[in-house]
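Engineer: Structure file work.cif, mmCIF, C-alpha atoms and all ligand atoms, is pasted below:
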```
data_run
#
loop_
_atom_site.label_atom_id
_atom_site.label_comp_id
_atom_site.auth_asym_id
_atom_site.auth_seq_id
_atom_site.Cartn_x
_atom_site.Cartn_y
_atom_site.Cartn_z
CA MET A 1 0.00 0.00 0.00
CA ALA A 2 1.25 3.48 -0.79
CA ASP A 3 -1.15 5.70 1.00
CA ILE A 4 0.36 9.00 2.12
CA VAL A 5 -0.74 10.63 5.36
CA LEU A 6 0.19 14.09 6.58
CA ASP A 7 -0.63 14.25 10.26
CA HIS A 8 -0.37 17.79 11.68
CA VAL A 9 2.61 18.46 9.44
CA THR A 10 4.24 21.87 9.87
CA LYS A 11 7.24 23.44 8.16
CA ARG A 12 8.98 26.45 9.60
CA PHE A 13 12.09 27.57 7.72
CA PRO A 14 15.18 28.64 9.69
CA ASP A 15 14.36 32.31 8.97
CA GLY A 16 11.11 31.83 10.89
CA ARG A 17 8.75 31.65 7.92
CA LEU A 18 5.84 29.31 8.50
CA ALA A 19 5.48 27.76 5.03
CA VAL A 20 3.12 24.90 5.95
CA ASP A 21 0.93 25.24 8.99
CA ASP A 22 -0.58 22.11 10.56
CA ALA A 23 -1.44 20.25 7.36
CA ASN A 24 -3.69 17.20 7.64
CA LEU A 25 -4.24 15.20 4.49
CA SER A 26 -4.86 11.51 3.81
CA ILE A 27 -4.11 10.34 0.29
CA ALA A 28 -5.38 6.84 -0.45
CA ASP A 29 -3.36 4.23 -2.31
CA GLY A 30 -3.80 4.85 -6.04
CA GLU A 31 -5.45 8.23 -5.53
CA PHE A 32 -4.63 11.30 -7.63
CA VAL A 33 -4.52 14.36 -5.38
CA ILE A 34 -3.80 17.90 -6.50
CA LEU A 35 -2.33 20.64 -4.32
CA VAL A 36 -3.47 23.98 -5.68
CA GLY A 37 -3.17 27.57 -4.52
CA PRO A 38 -1.57 30.90 -5.35
CA SER A 39 2.17 31.47 -5.45
CA GLY A 40 3.86 31.08 -2.08
CA CYS A 41 1.01 29.19 -0.40
CA GLY A 42 3.23 26.21 0.47
CA LYS A 43 2.47 23.70 -2.29
CA SER A 44 6.06 22.91 -3.25
CA THR A 45 7.18 22.79 0.36
CA THR A 46 4.45 20.23 1.10
CA LEU A 47 5.51 18.13 -1.88
CA ASN A 48 9.19 18.42 -0.97
CA MET A 49 8.44 17.18 2.55
CA ILE A 50 6.68 14.13 1.08
CA ALA A 51 9.69 13.54 -1.19
CA GLY A 52 12.10 13.99 1.71
CA LEU A 53 13.79 17.02 0.12
CA GLU A 54 12.75 19.23 3.05
CA ASP A 55 12.60 18.07 6.62
CA ILE A 56 9.47 18.37 8.68
CA SER A 57 9.46 20.81 11.63
CA SER A 58 6.68 19.01 13.47
CA GLY A 59 3.99 16.42 12.83
CA GLU A 60 4.21 13.05 11.21
CA LEU A 61 4.41 11.88 7.61
CA ARG A 62 3.47 8.27 6.88
CA ILE A 63 3.82 6.42 3.59
CA GLY A 64 2.26 2.98 3.43
CA GLY A 65 1.65 3.13 7.18
CA LYS A 66 5.30 3.75 7.99
CA VAL A 67 6.58 6.98 9.56
CA VAL A 68 9.11 8.40 7.10
CA ASN A 69 10.00 11.75 8.74
CA ASP A 70 13.65 10.73 8.97
CA LEU A 71 13.89 8.49 5.93
CA ALA A 72 16.24 9.65 3.13
CA PRO A 73 14.54 10.54 -0.17
CA LYS A 74 16.11 7.56 -1.99
CA ASP A 75 14.62 5.17 0.56
CA ARG A 76 11.07 6.45 0.20
CA ASP A 77 10.47 4.75 -3.14
CA ILE A 78 8.89 7.84 -4.59
CA ALA A 79 9.54 9.46 -7.97
CA MET A 80 9.43 13.20 -8.46
CA VAL A 81 8.90 15.03 -11.75
CA PHE A 82 9.88 18.69 -11.75
CA GLN A 83 8.81 21.65 -13.83
CA SER A 84 12.35 21.89 -15.28
CA TYR A 85 12.53 18.33 -16.55
CA ALA A 86 16.09 17.95 -15.28
CA LEU A 87 17.10 15.66 -18.15
CA TYR A 88 20.78 14.94 -18.83
CA PRO A 89 21.49 16.80 -22.09
CA HIS A 90 24.37 14.56 -23.20
CA MET A 91 22.38 11.32 -22.81
CA SER A 92 19.89 9.79 -25.20
CA VAL A 93 16.25 9.46 -24.22
CA ARG A 94 16.88 5.77 -23.60
CA LYS A 95 19.78 6.50 -21.23
CA ASN A 96 17.87 9.28 -19.48
CA MET A 97 14.92 7.00 -18.84
CA GLY A 98 17.00 4.10 -17.65
CA PHE A 99 19.50 6.11 -15.61
CA ALA A 100 18.08 5.43 -12.16
CA LEU A 101 17.85 1.72 -12.95
CA SER A 102 21.48 1.67 -14.10
CA LEU A 103 22.51 3.34 -10.86
CA ALA A 104 20.60 0.65 -9.02
CA LYS A 105 22.67 -1.90 -11.00
CA ARG A 106 19.66 -3.60 -12.54
CA PRO A 107 20.49 -6.03 -15.40
CA LYS A 108 20.74 -4.40 -18.83
CA GLU A 109 18.02 -6.58 -20.38
CA GLU A 110 15.61 -5.63 -17.63
CA ILE A 111 16.42 -1.92 -18.06
CA ASP A 112 15.88 -2.16 -21.83
CA ARG A 113 12.57 -3.92 -21.35
CA LEU A 114 11.26 -1.42 -18.80
CA VAL A 115 12.40 1.59 -20.83
CA GLU A 116 10.84 0.23 -24.00
CA GLU A 117 7.57 -0.53 -22.23
CA ALA A 118 7.40 2.97 -20.79
CA ALA A 119 8.35 4.49 -24.15
CA ARG A 120 5.46 2.64 -25.77
CA VAL A 121 2.95 3.96 -23.26
CA LEU A 122 4.36 7.47 -23.60
CA ASP A 123 4.59 7.34 -27.38
CA LEU A 124 8.35 7.88 -27.30
CA THR A 125 9.54 4.72 -29.05
CA GLU A 126 10.78 6.49 -32.16
CA HIS A 127 12.66 9.07 -30.10
CA LEU A 128 14.60 6.69 -27.86
CA ASP A 129 17.94 7.40 -29.52
CA ARG A 130 17.57 11.16 -29.63
CA ARG A 131 18.99 13.68 -27.19
CA PRO A 132 16.69 15.97 -25.15
CA ALA A 133 17.67 19.01 -27.26
CA GLN A 134 16.18 17.28 -30.32
CA LEU A 135 12.77 16.93 -28.68
CA SER A 136 9.80 19.25 -28.28
CA GLY A 137 8.79 20.51 -24.83
CA GLY A 138 5.98 17.98 -24.59
CA GLN A 139 8.25 15.11 -25.57
CA ARG A 140 10.84 16.16 -22.99
CA GLN A 141 8.13 16.24 -20.41
CA ARG A 142 7.14 12.69 -21.34
CA VAL A 143 10.77 11.57 -21.03
CA ALA A 144 10.83 13.06 -17.52
CA MET A 145 7.69 11.09 -16.70
CA GLY A 146 9.13 7.98 -18.31
CA ARG A 147 12.16 8.21 -16.11
CA ALA A 148 9.84 8.17 -13.10
CA ILE A 149 7.60 5.39 -14.45
CA VAL A 150 10.38 2.85 -15.15
CA ARG A 151 11.19 2.74 -11.45
CA SER A 152 7.62 1.60 -10.60
CA PRO A 153 7.66 3.81 -7.54
CA LYS A 154 5.06 3.71 -4.77
CA ALA A 155 4.03 7.24 -5.69
CA PHE A 156 4.64 9.98 -8.23
CA LEU A 157 5.10 13.54 -7.09
CA MET A 158 4.81 16.22 -9.74
CA ASP A 159 5.60 19.89 -9.24
CA GLU A 160 3.97 22.02 -11.96
CA PRO A 161 5.16 19.57 -14.63
CA LEU A 162 3.27 21.31 -17.43
CA SER A 163 4.00 24.94 -16.69
CA ASN A 164 6.78 25.24 -19.29
CA LEU A 165 4.52 24.11 -22.11
CA ASP A 166 2.43 26.32 -24.34
CA ALA A 167 -1.30 26.45 -23.71
CA LYS A 168 -2.31 23.91 -26.36
CA LEU A 169 0.31 21.37 -25.42
CA ARG A 170 -0.58 21.80 -21.77
CA VAL A 171 -4.13 20.70 -22.47
CA GLN A 172 -2.86 17.71 -24.45
CA MET A 173 -0.42 16.72 -21.71
CA ARG A 174 -3.15 17.05 -19.11
CA THR A 175 -4.98 14.21 -20.81
CA GLU A 176 -1.70 12.34 -21.00
CA VAL A 177 -1.04 12.65 -17.27
CA SER A 178 -4.57 11.39 -16.53
CA ARG A 179 -4.07 8.47 -18.87
CA ILE A 180 -0.75 7.54 -17.28
CA GLN A 181 -2.19 7.71 -13.81
CA ASN A 182 -5.17 5.55 -14.84
CA ARG A 183 -2.91 3.08 -16.60
CA PHE A 184 -0.52 2.59 -13.70
CA GLY A 185 -2.92 3.29 -10.83
CA THR A 186 -0.04 4.74 -8.84
CA THR A 187 -0.65 7.23 -6.04
CA MET A 188 0.01 10.69 -7.45
CA VAL A 189 0.43 14.07 -5.77
CA TYR A 190 0.49 16.92 -8.24
CA VAL A 191 1.18 20.59 -7.58
CA THR A 192 -0.24 23.37 -9.72
CA HIS A 193 -1.36 26.97 -9.32
CA ASP A 194 -3.81 26.52 -12.18
CA GLN A 195 -7.32 25.84 -10.95
CA THR A 196 -8.45 24.45 -14.30
CA GLU A 197 -5.67 21.88 -14.22
CA ALA A 198 -6.59 21.04 -10.64
CA MET A 199 -10.27 20.61 -11.42
CA THR A 200 -9.77 18.50 -14.54
CA LEU A 201 -7.02 16.20 -13.28
CA GLY A 202 -7.55 15.20 -9.69
CA ASP A 203 -9.70 12.69 -7.86
CA ARG A 204 -9.48 15.17 -5.01
CA VAL A 205 -8.09 18.67 -4.72
CA ALA A 206 -6.54 20.36 -1.67
CA VAL A 207 -6.75 24.15 -1.82
CA LEU A 208 -3.97 25.92 0.09
CA ARG A 209 -3.68 29.50 1.17
CA SER A 210 -0.84 31.01 3.21
CA GLY A 211 0.43 27.63 4.35
CA ARG A 212 -2.94 26.30 5.42
CA ILE A 213 -5.15 23.75 3.72
CA GLN A 214 -8.46 25.54 3.30
CA GLN A 215 -10.47 22.65 1.90
CA VAL A 216 -9.97 19.16 0.52
CA GLY A 217 -12.64 17.70 -1.73
CA THR A 218 -13.60 16.35 -5.12
CA PRO A 219 -13.78 18.97 -7.87
CA THR A 220 -17.58 18.79 -7.65
CA GLU A 221 -17.54 19.42 -3.90
CA LEU A 222 -15.18 22.38 -4.20
CA TYR A 223 -17.27 23.95 -6.94
CA GLY A 224 -20.65 23.23 -5.41
CA ARG A 225 -19.84 23.80 -1.77
CA PRO A 226 -16.74 25.94 -1.33
CA ALA A 227 -15.91 26.17 2.38
CA THR A 228 -14.66 29.76 2.27
CA VAL A 229 -14.76 32.94 0.20
CA PHE A 230 -11.19 32.18 -0.77
CA VAL A 231 -11.96 28.73 -2.19
CA ALA A 232 -15.11 30.09 -3.84
CA GLY A 233 -13.09 32.83 -5.57
CA PHE A 234 -10.26 30.52 -6.54
CA ILE A 235 -12.26 27.65 -8.05
CA GLY A 236 -14.31 28.45 -11.15
CA SER A 237 -13.64 30.59 -14.20
CA PRO A 238 -14.55 33.39 -14.49
CA ALA A 239 -14.44 33.68 -10.72
CA MET A 240 -17.50 33.81 -8.49
CA ASN A 241 -18.97 37.31 -8.00
CA PHE A 242 -19.28 38.54 -4.44
CA VAL A 243 -21.77 41.17 -3.38
CA PRO A 244 -22.53 42.50 0.09
CA ALA A 245 -26.03 41.84 1.42
CA THR A 246 -28.11 42.48 4.50
CA VAL A 247 -30.90 40.44 6.02
CA GLU A 248 -33.94 42.64 6.55
CA GLU A 249 -37.54 41.65 7.14
CA GLY A 250 -36.78 38.11 6.10
CA GLU A 251 -35.30 39.18 2.78
CA LEU A 252 -31.75 39.20 1.48
CA ARG A 253 -31.14 42.75 0.29
CA THR A 254 -28.40 42.92 -2.31
CA PRO A 255 -27.34 45.59 -4.82
CA LEU A 256 -28.91 43.30 -7.45
CA GLY A 257 -32.29 43.43 -5.72
CA ALA A 258 -34.15 41.83 -2.83
CA ILE A 259 -34.21 38.06 -2.70
CA VAL A 260 -36.62 35.92 -0.74
CA PRO A 261 -34.47 33.11 0.64
CA ASP A 262 -35.50 29.58 -0.33
CA GLU A 263 -35.86 26.84 2.25
CA ARG A 264 -32.17 25.92 2.29
CA GLN A 265 -31.04 29.54 2.56
CA ARG A 266 -33.63 30.26 5.26
CA ARG A 267 -32.33 27.34 7.28
CA LEU A 268 -28.73 28.57 6.91
CA LEU A 269 -29.65 32.12 7.85
CA ASP A 270 -31.69 30.99 10.84
CA GLY A 271 -28.80 28.91 12.09
CA TRP A 272 -26.39 31.77 11.56
CA THR A 273 -28.28 34.77 12.89
CA GLY A 274 -29.35 32.55 15.75
CA ALA A 275 -25.73 32.57 16.89
CA ALA A 276 -25.44 36.36 16.86
CA ALA A 277 -28.75 38.02 16.21
CA ASP A 278 -27.23 41.44 15.61
CA ARG A 279 -25.14 40.25 12.68
CA ARG A 280 -27.20 41.14 9.69
CA SER A 281 -24.72 41.73 6.93
CA LEU A 282 -23.21 38.95 4.89
CA ILE A 283 -21.52 38.21 1.58
CA VAL A 284 -23.50 36.67 -1.25
CA GLY A 285 -21.62 34.69 -3.90
CA ALA A 286 -23.06 34.25 -7.39
CA ARG A 287 -21.26 32.30 -10.11
CA PRO A 288 -21.25 33.89 -13.60
CA GLU A 289 -22.89 30.78 -15.05
CA HIS A 290 -25.94 31.21 -12.83
CA PHE A 291 -26.93 34.41 -14.63
CA GLU A 292 -28.74 34.51 -17.97
CA ASP A 293 -30.21 36.96 -20.41
CA ALA A 294 -33.77 37.32 -19.05
CA ALA A 295 -35.17 37.34 -22.60
CA LEU A 296 -33.90 33.85 -23.41
CA GLU A 297 -35.88 30.63 -23.18
CA GLN A 298 -33.57 29.32 -20.42
CA ALA A 299 -34.64 32.15 -18.11
CA LYS A 300 -38.22 32.84 -19.19
CA ASP A 301 -40.85 31.79 -16.67
CA CYS A 302 -38.10 30.53 -14.33
CA PRO A 303 -38.27 31.64 -10.74
CA GLY A 304 -35.32 33.85 -9.88
CA LEU A 305 -34.23 37.45 -9.65
CA ARG A 306 -34.68 39.78 -12.64
CA PHE A 307 -32.83 43.07 -12.73
CA THR A 308 -31.76 45.68 -15.24
CA VAL A 309 -28.18 46.85 -15.70
CA THR A 310 -26.08 48.66 -18.26
CA VAL A 311 -23.57 46.29 -19.79
CA ASP A 312 -20.07 47.87 -19.66
CA VAL A 313 -18.30 45.23 -21.72
CA LEU A 314 -19.55 42.23 -23.65
CA GLU A 315 -17.11 39.52 -24.63
CA ARG A 316 -18.45 37.12 -27.25
CA LEU A 317 -16.63 33.81 -27.13
CA GLY A 318 -18.77 32.01 -29.67
CA SER A 319 -20.04 29.31 -27.34
CA ASP A 320 -21.23 31.90 -24.82
CA SER A 321 -20.74 35.54 -23.87
CA PHE A 322 -19.48 37.31 -20.79
CA ALA A 323 -21.37 40.45 -19.82
CA TYR A 324 -19.59 42.75 -17.34
CA PHE A 325 -21.63 45.30 -15.45
CA THR A 326 -21.10 47.55 -12.46
CA LEU A 327 -23.11 47.65 -9.28
CA ALA A 328 -23.33 51.02 -7.62
CA GLY A 329 -23.52 51.27 -3.86
CA GLY A 330 -23.33 48.28 -1.62
CA GLN A 331 -20.05 49.25 -0.04
CA ALA A 332 -20.70 47.37 3.16
CA ARG A 333 -17.78 45.26 4.28
CA THR A 334 -15.92 45.65 1.06
CA ALA A 335 -12.62 45.93 2.91
CA ASP A 336 -13.26 42.62 4.65
CA LEU A 337 -14.09 40.96 1.38
CA GLU A 338 -10.88 42.20 -0.18
CA GLU A 339 -8.95 40.84 2.75
CA LEU A 340 -10.74 37.49 2.60
CA ALA A 341 -10.28 37.01 -1.08
CA HIS A 342 -7.26 39.05 -2.14
CA ASP A 343 -4.91 36.10 -2.51
CA ALA A 344 -7.15 34.60 -5.13
CA GLY A 345 -6.28 37.54 -7.33
CA THR A 346 -9.75 37.30 -8.69
CA VAL A 347 -11.81 39.70 -6.66
CA GLU A 348 -11.35 43.28 -7.63
CA LEU A 349 -13.47 45.75 -5.78
CA SER A 350 -13.08 49.44 -6.21
CA GLY A 351 -14.86 50.44 -3.01
CA LYS A 352 -17.66 52.46 -4.56
CA ALA A 353 -18.75 50.12 -7.27
CA GLU A 354 -18.33 46.47 -7.97
CA GLN A 355 -17.90 44.74 -11.24
CA VAL A 356 -19.95 41.64 -11.83
CA VAL A 357 -19.58 39.20 -14.70
CA ALA A 358 -22.45 37.13 -16.04
CA ARG A 359 -22.09 34.27 -18.47
CA LEU A 360 -24.84 34.36 -21.08
CA ASP A 361 -25.89 31.98 -23.81
CA ALA A 362 -24.46 32.80 -27.24
CA ALA A 363 -28.02 33.39 -28.47
CA SER A 364 -28.26 36.52 -26.31
CA ARG A 365 -28.93 39.74 -28.23
CA ILE A 366 -27.68 41.94 -25.42
CA ARG A 367 -25.37 44.73 -26.60
CA GLU A 368 -22.45 46.51 -25.03
CA GLY A 369 -23.27 49.92 -23.56
CA GLU A 370 -27.02 49.26 -23.54
CA LYS A 371 -29.46 48.41 -20.82
CA ALA A 372 -30.23 44.74 -20.42
CA GLU A 373 -32.49 42.65 -18.26
CA LEU A 374 -30.66 39.78 -16.64
CA TRP A 375 -31.88 36.83 -14.61
CA LEU A 376 -30.16 35.14 -11.69
CA ASP A 377 -30.87 31.65 -10.41
CA VAL A 378 -31.11 32.57 -6.73
CA HIS A 379 -31.19 28.94 -5.55
CA GLN A 380 -27.53 28.68 -6.56
CA LEU A 381 -26.34 31.55 -4.36
CA HIS A 382 -23.72 30.98 -1.70
CA LEU A 383 -23.89 32.80 1.63
CA PHE A 384 -20.70 33.68 3.49
CA ASP A 385 -20.02 35.04 6.97
CA PRO A 386 -18.15 38.34 6.42
CA ASP A 387 -16.16 37.98 9.63
CA THR A 388 -14.75 34.52 9.03
CA GLY A 389 -15.17 34.17 5.28
CA ARG A 390 -16.80 30.79 5.87
CA ASN A 391 -19.70 29.46 3.86
CA LEU A 392 -22.84 29.27 6.01
CA ASP A 393 -23.57 25.93 4.33
P1 LIG B 401 4.99 28.77 -6.10
O1 LIG B 401 3.70 28.41 -6.77
O2 LIG B 401 5.38 30.20 -6.31
O3 LIG B 401 6.10 27.79 -6.38
P2 LIG B 401 4.42 27.49 -3.54
O4 LIG B 401 2.99 27.48 -3.18
O5 LIG B 401 5.00 26.25 -4.10
O6 LIG B 401 4.72 28.71 -4.51
P3 LIG B 401 6.49 27.31 -1.56
O7 LIG B 401 7.61 27.28 -2.54
O8 LIG B 401 6.12 26.05 -0.89
O9 LIG B 401 5.19 27.94 -2.24
O10 LIG B 401 6.83 28.40 -0.47
C1 LIG B 401 5.99 28.65 0.64
C2 LIG B 401 6.54 29.82 1.43
O11 LIG B 401 7.77 29.47 2.03
C3 LIG B 401 6.82 31.04 0.57
O12 LIG B 401 6.45 32.18 1.31
C4 LIG B 401 8.30 30.99 0.35
O13 LIG B 401 8.83 32.29 0.20
C5 LIG B 401 8.81 30.35 1.62
N1 LIG B 401 10.03 29.57 1.42
C6 LIG B 401 10.24 28.59 0.50
N2 LIG B 401 11.47 28.07 0.63
C7 LIG B 401 12.06 28.73 1.66
C8 LIG B 401 13.36 28.67 2.28
N3 LIG B 401 14.28 27.78 1.90
N4 LIG B 401 13.59 29.52 3.31
C9 LIG B 401 12.66 30.40 3.72
N5 LIG B 401 11.43 30.51 3.18
C10 LIG B 401 11.13 29.70 2.16
#
```
Starting from the file, give its structure as structure tokens.
Ligand code: ATP
Structural biologist:
Amino acid sequence: MADIVLDHVTKRFPDGRLAVDDANLSIADGEFVILVGPSGCGKSTTLNMIAGLEDISSGELRIGGKVVNDLAPKDRDIAMVFQSYALYPHMSVRKNMGFALSLAKRPKEEIDRLVEEAARVLDLTEHLDRRPAQLSGGQRQRVAMGRAIVRSPKAFLMDEPLSNLDAKLRVQMRTEVSRIQNRFGTTMVYVTHDQTEAMTLGDRVAVLRSGRIQQVGTPTELYGRPATVFVAGFIGSPAMNFVPATVEEGELRTPLGAIVPDERQRRLLDGWTGAAADRRSLIVGARPEHFEDAALEQAKDCPGLRFTVTVDVLERLGSDSFAYFTLAGGQARTADLEELAHDAGTVELSGKAEQVVARLDAASRIREGEKAELWLDVHQLHLFDPDTGRNLD
């Protein structure tokens, strides 16, 4: 078994910086887990501790049930693939892939067999006698993976392995990584700062912020039930819109209009205001995809909130359109919201007005600079506590 367990793992660097703060994460044997978060949140440090490249300040790391805190990297039976493929330029692809096996003094025939098998899976057979410089970025990346695969390690660790590739190749390689993981069924921990990569690749995703794991869940759980404003703003593209709201006379008053809470929202609000009856302001989160052009079939006769705005910018993508509009007023707690979400780099609030983006069907006839009636599916709204940033759900 190659399950990996982080049990209250903390990393404090000698200069005092707390890079990973009390991380708890259980990765099952054969599971594909992604660590995602903005730059500096502690992803690489977490991965390096699993690999044994950084020591652990406190807590326990177990691989296959065994505590490995003090085990040298080479004895952990783990293979790491870095962003800079770290291939030997003077060696052929074949030699690069078999290098670790040669070091381990495995018989030549066995090395050849393993390298050729891996090359077949990775579609590298015809490149085996080339040097890295003669390969494309994607092919080099596959060689780096091949080098890890031939060792049949207990787990693969990958640190932003696709970030040096151009956008198109990255998408291709994403599928490749998934295929390799499915084919070998090896435990995989994969670091990225790209939420799309995280959502499309992993069985489960751990979202980190400032050294702390904010939430661990399947992509569906993170999207549908983000635990905090930060996770909500980080997962999803374009990012979730946040607007301040107050609870008055049983209604949610937002700059978009007044909303009568449905049963689920009522239950959440009752539970929440019950704890501190004087707290009446909160943050409402609305994903762009839960808006629609009110004139379209999808929105007609549907219960929800209808409101009129002037569209500042309309981006037509062919498959759908993004309509950006500005909400005046509603300044309540804006500073808190900025603080709660600023690391996501996705929430931009100007203080006086807030920009909201709505994703509309391509059939929409709405035009830039004109007034438009939009519709919002209010059942899909998320409610957040402005003090803690936590989802009330
Ligand atoms: P990125 O996506 O930019 O690679 P990351 O999420 O992988 O970022 P880490 O590299 O794990 O982040 O770094 C976490 C924090 O620890 C950062 O604030 C970083 O500056 C700090 N850090 C990393 N290595 C050291 C070190 N050797 N000494 C002191 N601080 C460090």
Engineer: Find the residues near ligand LIG 401 (chain B). Use a cut-off of 10 Å, count only C-alpha atoms and all ligand atoms, and write them as a ChimeraX atom specification.
Structural biologist: /A:11-20,35-49,54,159-160,191-194,208-211
Engineer: For the atom pair atom CA of Arg287 of chain A and atom CA of Arg170 of chain A, what is the interatomic distance in Å to one decimal place?
Structural biologist: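 Going from atom CA of Arg287 of chain A over to atom CA of Arg170 of chain A, I get 26.0 Å.
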Engineer: Using only C-alpha atoms, which of the listed residues (A:Thr125, A:Arg359, A:Leu314, A:Leu252) sits closest to Ala239 of chain A?
Structural biologist: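 Smallest distance to Ala239 of chain A is found for A:Arg359.
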Engineer: What separation in Å, quoted to one decimal, exists between atom CA of Gln215 of chain A and atom CA of Val231 of chain A?
Structural biologist: 7.5 Å
Engineer: Find the residues near segment 73-79 of chain A: any atom within 7 Å, counting only C-alpha atoms, skip ones fewer than 6 places away on the same chain, and give them as a VMD selection string.
Structural biologist: chain A and resid 51 to 53 148 153 to 157
Engineer: I'd like the contact shell of Ala227 of chain A - 8 Å cut-off, only C-alpha atoms, skipping same-chain residues fewer than 3 positions apart - returned as a PyMOL selection string.
Structural biologist: chain A and resi 214-215+222+231-232+390-391+393
Engineer: Expressed in Å to a single decimal, how great is the separation between atom CA of Val205 of chain A and atom CA of Val378 of chain A?
Structural biologist: 27.0 Å
Engineer: Can you tell me which residues surround Glu249 of chain A at a distance of at most 12 Å, considering all atoms listed in the file, apart from same-chain residues fewer than 5 positions away, and format the answer as a list in words?
Structural biologist: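 Contacts, in chain order: Ala258, Ile259, Val260, Pro261 and Arg280 of chain A.
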Engineer: Ser92 of chain A: which residues within 12 Å, counting only C-alpha atoms, same-chain residues fewer than 6 positions away excluded, as a short mmCIF file (atom, residue, chain, number, x, y, z; two decimals) with C-alpha atoms, in the coordinates of the input?
Structural biologist:
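Produced file selection.cif, reproduced below:
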```cif
data_model
loop_
_atom_site.label_atom_id
_atom_site.label_comp_id
_atom_site.auth_asym_id
_atom_site.auth_seq_id
_atom_site.Cartn_x
_atom_site.Cartn_y
_atom_site.Cartn_z
CA GLY A 98 17.00 4.10 -17.65
CA PHE A 99 19.50 6.11 -15.61
CA VAL A 115 12.40 1.59 -20.83
CA LEU A 124 8.35 7.88 -27.30
CA GLU A 126 10.78 6.49 -32.16
CA HIS A 127 12.66 9.07 -30.10
CA LEU A 128 14.60 6.69 -27.86
CA ASP A 129 17.94 7.40 -29.52
CA ARG A 130 17.57 11.16 -29.63
CA ARG A 131 18.99 13.68 -27.19
CA PRO A 132 16.69 15.97 -25.15
CA ALA A 133 17.67 19.01 -27.26
CA GLN A 134 16.18 17.28 -30.32
CA LEU A 135 12.77 16.93 -28.68
CA ARG A 140 10.84 16.16 -22.99
CA VAL A 143 10.77 11.57 -21.03
#
```
Engineer: Please list as a list in words every residue within 8 Å of Asn164 of chain A, counting only C-alpha atoms and excluding residues in the same chain fewer than 6 positions away.
Structural biologist: Gln83, Ser84 and Gly137 of chain A
Engineer: Rank nothing, just name the residue among A:Leu374, A:Pro226, A:Arg367, A:Asp270 nearest to His290 of chain A, using only C-alpha atoms.
Structural biologist: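 Result for the nearest residue to His290 of chain A: A:Leu374.
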Engineer: From the set A:Leu282, A:Ala295, A:Glu248, A:Arg225, which residue has the shortest atom-to-atom contact distance to Gln380 of chain A, counting all atoms listed in the file?
Structural biologist: A:Arg225
Engineer: Which one is closest to Tyr190 of chain A: A:Phe234, A:Tyr223, A:Phe82, A:Phe242? Count all atoms listed in the file.
Structural biologist: A:Phe82
Engineer: Choose the residue, out of A:Thr200, A:Met158, A:Gln141, A:Gly146, that has the smallest atom-to-atom separation from Ala100 of chain A; count all atoms listed in the file.
Structural biologist: A:Gly146
